[in-house]
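Just below is one structure, and these are the notes that go with it.
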Amino acid sequence: MKSFIGALAVLVLLLVGACIYADCLNDTVDALNESINELEASIRNEDWNRCAGLTQSLIADWKKAEKWMKMFIDHRQMDVINQTVYEMEGYISCKNHDDSAAKVVMLQNLLEHIPASEAILFENIF
């Protein structure tokens, strides 16, 4: 009976930890998406000075998030996000409207995919 209670306690701790992790992940992705939405609006308006500042802010926020996310997220997915961020930065610095807008949308899509792929679902477990 003691081992059952111990196993149950471990299971509850795992589920609580997973819920906390999922909540932190959602909050981080939502904050990054807000920055991306601002950046997208600035690209649409071709306000390149504001775009440069927002890009630097987004990169700083991403580096903070990346430190703890890389412990849990697939490294290939993180590499693709990093590559997209820096390609986007290059397109913005060259004031390339079409490519920078495309990279912003791609980055948004990549980030939105993270919580869905990390959610506790039977299809993600088996």
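Chain labels follow the order of the structure tokens: the first chain is A, the next B, and so on; residue numbering restarts at 1 in every chain, and ligands are counted from 1 in their shown order.
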
* To do: Please provide as a ChimeraX atom specification all residues within 12 Å of region 82-96 of chain A, with the sequence filter that same-chain residues fewer than 5 positions apart are discarded (counting only C-alpha atoms).
  => /A:32,36,39-40,42-63,65-66,70,75-77,101-111

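One distance worth recording is that between CA of Asn26 (chain A) and CA of Pro115 (chain A), which is 6.2 Å.
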
* Go ahead and compute the interatomic distance for CA of Ile114 (chain A) and CA of Glu38 (chain A), in Å to one decimal. => 20.4 Å

* Residues of region 60-101 of chain A in helix (DSSP H, G or I) according to DSSP, as a PyMOL selection string? -> chain A and resi 60-69+75-93+97-101

* **Residue neighbourhood region 16-20 of chain A, 12 Å, only C-alpha atoms, exclusion window fewer than 3 positions, as a list in words** => Ala9, Val10, Leu11, Val12, Leu13, Asp23, Cys24, Leu25, Asn26, Asp27, Phe72, Pro115, Glu118, Ala119, Ile120 and Leu121 of chain A

The selected residues should be written to file as a PDB file, in the first residue's frame (atoms: N, CA, C and O atoms).
```pdb
ATOM      1  N   ALA A   9       1.851   9.684  -5.438  1.00  0.00           N
ATOM      2  CA  ALA A   9       2.406  11.004  -5.121  1.00  0.00           C
ATOM      3  C   ALA A   9       3.357  11.468  -6.223  1.00  0.00           C
ATOM      4  O   ALA A   9       3.333  12.636  -6.624  1.00  0.00           O
ATOM      5  N   VAL A  10       4.179  10.555  -6.730  1.00  0.00           N
ATOM      6  CA  VAL A  10       5.096  10.893  -7.816  1.00  0.00           C
ATOM      7  C   VAL A  10       4.309  11.265  -9.070  1.00  0.00           C
ATOM      8  O   VAL A  10       4.641  12.234  -9.756  1.00  0.00           O
ATOM      9  N   LEU A  11       3.260  10.526  -9.358  1.00  0.00           N
ATOM     10  CA  LEU A  11       2.424  10.830 -10.517  1.00  0.00           C
ATOM     11  C   LEU A  11       1.784  12.208 -10.387  1.00  0.00           C
ATOM     12  O   LEU A  11       1.778  12.981 -11.351  1.00  0.00           O
ATOM     13  N   VAL A  12       1.275  12.529  -9.210  1.00  0.00           N
ATOM     14  CA  VAL A  12       0.659  13.841  -8.984  1.00  0.00           C
ATOM     15  C   VAL A  12       1.704  14.933  -9.155  1.00  0.00           C
ATOM     16  O   VAL A  12       1.441  15.960  -9.794  1.00  0.00           O
ATOM     17  N   LEU A  13       2.909  14.743  -8.607  1.00  0.00           N
ATOM     18  CA  LEU A  13       3.982  15.728  -8.768  1.00  0.00           C
ATOM     19  C   LEU A  13       4.356  15.920 -10.230  1.00  0.00           C
ATOM     20  O   LEU A  13       4.569  17.055 -10.680  1.00  0.00           O
ATOM     21  N   ASP A  23       2.020  25.996 -18.604  1.00  0.00           N
ATOM     22  CA  ASP A  23       1.576  27.363 -18.376  1.00  0.00           C
ATOM     23  C   ASP A  23       2.700  28.362 -18.647  1.00  0.00           C
ATOM     24  O   ASP A  23       2.489  29.376 -19.308  1.00  0.00           O
ATOM     25  N   CYS A  24       3.904  28.070 -18.146  1.00  0.00           N
ATOM     26  CA  CYS A  24       5.063  28.944 -18.407  1.00  0.00           C
ATOM     27  C   CYS A  24       5.367  29.010 -19.899  1.00  0.00           C
ATOM     28  O   CYS A  24       5.678  30.082 -20.435  1.00  0.00           O
ATOM     29  N   LEU A  25       5.283  27.876 -20.556  1.00  0.00           N
ATOM     30  CA  LEU A  25       5.546  27.823 -21.992  1.00  0.00           C
ATOM     31  C   LEU A  25       4.522  28.659 -22.761  1.00  0.00           C
ATOM     32  O   LEU A  25       4.895  29.443 -23.641  1.00  0.00           O
ATOM     33  N   ASN A  26       3.256  28.538 -22.404  1.00  0.00           N
ATOM     34  CA  ASN A  26       2.214  29.327 -23.070  1.00  0.00           C
ATOM     35  C   ASN A  26       2.406  30.818 -22.834  1.00  0.00           C
ATOM     36  O   ASN A  26       2.251  31.621 -23.760  1.00  0.00           O
ATOM     37  N   ASP A  27       2.743  31.191 -21.598  1.00  0.00           N
ATOM     38  CA  ASP A  27       2.964  32.608 -21.289  1.00  0.00           C
ATOM     39  C   ASP A  27       4.142  33.165 -22.091  1.00  0.00           C
ATOM     40  O   ASP A  27       4.074  34.277 -22.617  1.00  0.00           O
ATOM     41  N   PHE A  72      13.895  21.406 -22.654  1.00  0.00           N
ATOM     42  CA  PHE A  72      12.695  20.608 -22.867  1.00  0.00           C
ATOM     43  C   PHE A  72      12.304  20.455 -24.338  1.00  0.00           C
ATOM     44  O   PHE A  72      11.668  19.477 -24.702  1.00  0.00           O
ATOM     45  N   PRO A 115       3.829  25.001 -28.002  1.00  0.00           N
ATOM     46  CA  PRO A 115       2.923  24.496 -26.961  1.00  0.00           C
ATOM     47  C   PRO A 115       2.091  23.290 -27.415  1.00  0.00           C
ATOM     48  O   PRO A 115       1.832  22.389 -26.629  1.00  0.00           O
ATOM     49  N   GLU A 118       4.228  20.207 -27.159  1.00  0.00           N
ATOM     50  CA  GLU A 118       4.643  19.876 -25.802  1.00  0.00           C
ATOM     51  C   GLU A 118       3.474  19.560 -24.881  1.00  0.00           C
ATOM     52  O   GLU A 118       3.682  19.215 -23.720  1.00  0.00           O
ATOM     53  N   ALA A 119       2.264  19.686 -25.370  1.00  0.00           N
ATOM     54  CA  ALA A 119       1.084  19.419 -24.538  1.00  0.00           C
ATOM     55  C   ALA A 119       1.027  17.951 -24.150  1.00  0.00           C
ATOM     56  O   ALA A 119       1.504  17.067 -24.863  1.00  0.00           O
ATOM     57  N   ILE A 120       0.458  17.714 -22.988  1.00  0.00           N
ATOM     58  CA  ILE A 120       0.335  16.330 -22.507  1.00  0.00           C
ATOM     59  C   ILE A 120      -0.917  15.727 -23.145  1.00  0.00           C
ATOM     60  O   ILE A 120      -2.044  15.966 -22.709  1.00  0.00           O
ATOM     61  N   LEU A 121      -0.693  14.996 -24.200  1.00  0.00           N
ATOM     62  CA  LEU A 121      -1.757  14.309 -24.925  1.00  0.00           C
ATOM     63  C   LEU A 121      -1.319  12.864 -25.147  1.00  0.00           C
ATOM     64  O   LEU A 121      -0.128  12.590 -25.274  1.00  0.00           O
TER      65      LEU A 121
END
```

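For the set A:His97, A:Ile73, A:Gly6, A:Ile81, the residue with the smallest atom-to-atom gap to Ala22 (chain A) is A:Ile73, counting only C-alpha atoms.
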
* Expressed in Å to a single decimal, how great is the separation between CA of Asp30 (chain A) and CA of His113 (chain A)? ->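 CA of Asp30 (chain A) sits 11.8 Å away from CA of His113 (chain A).
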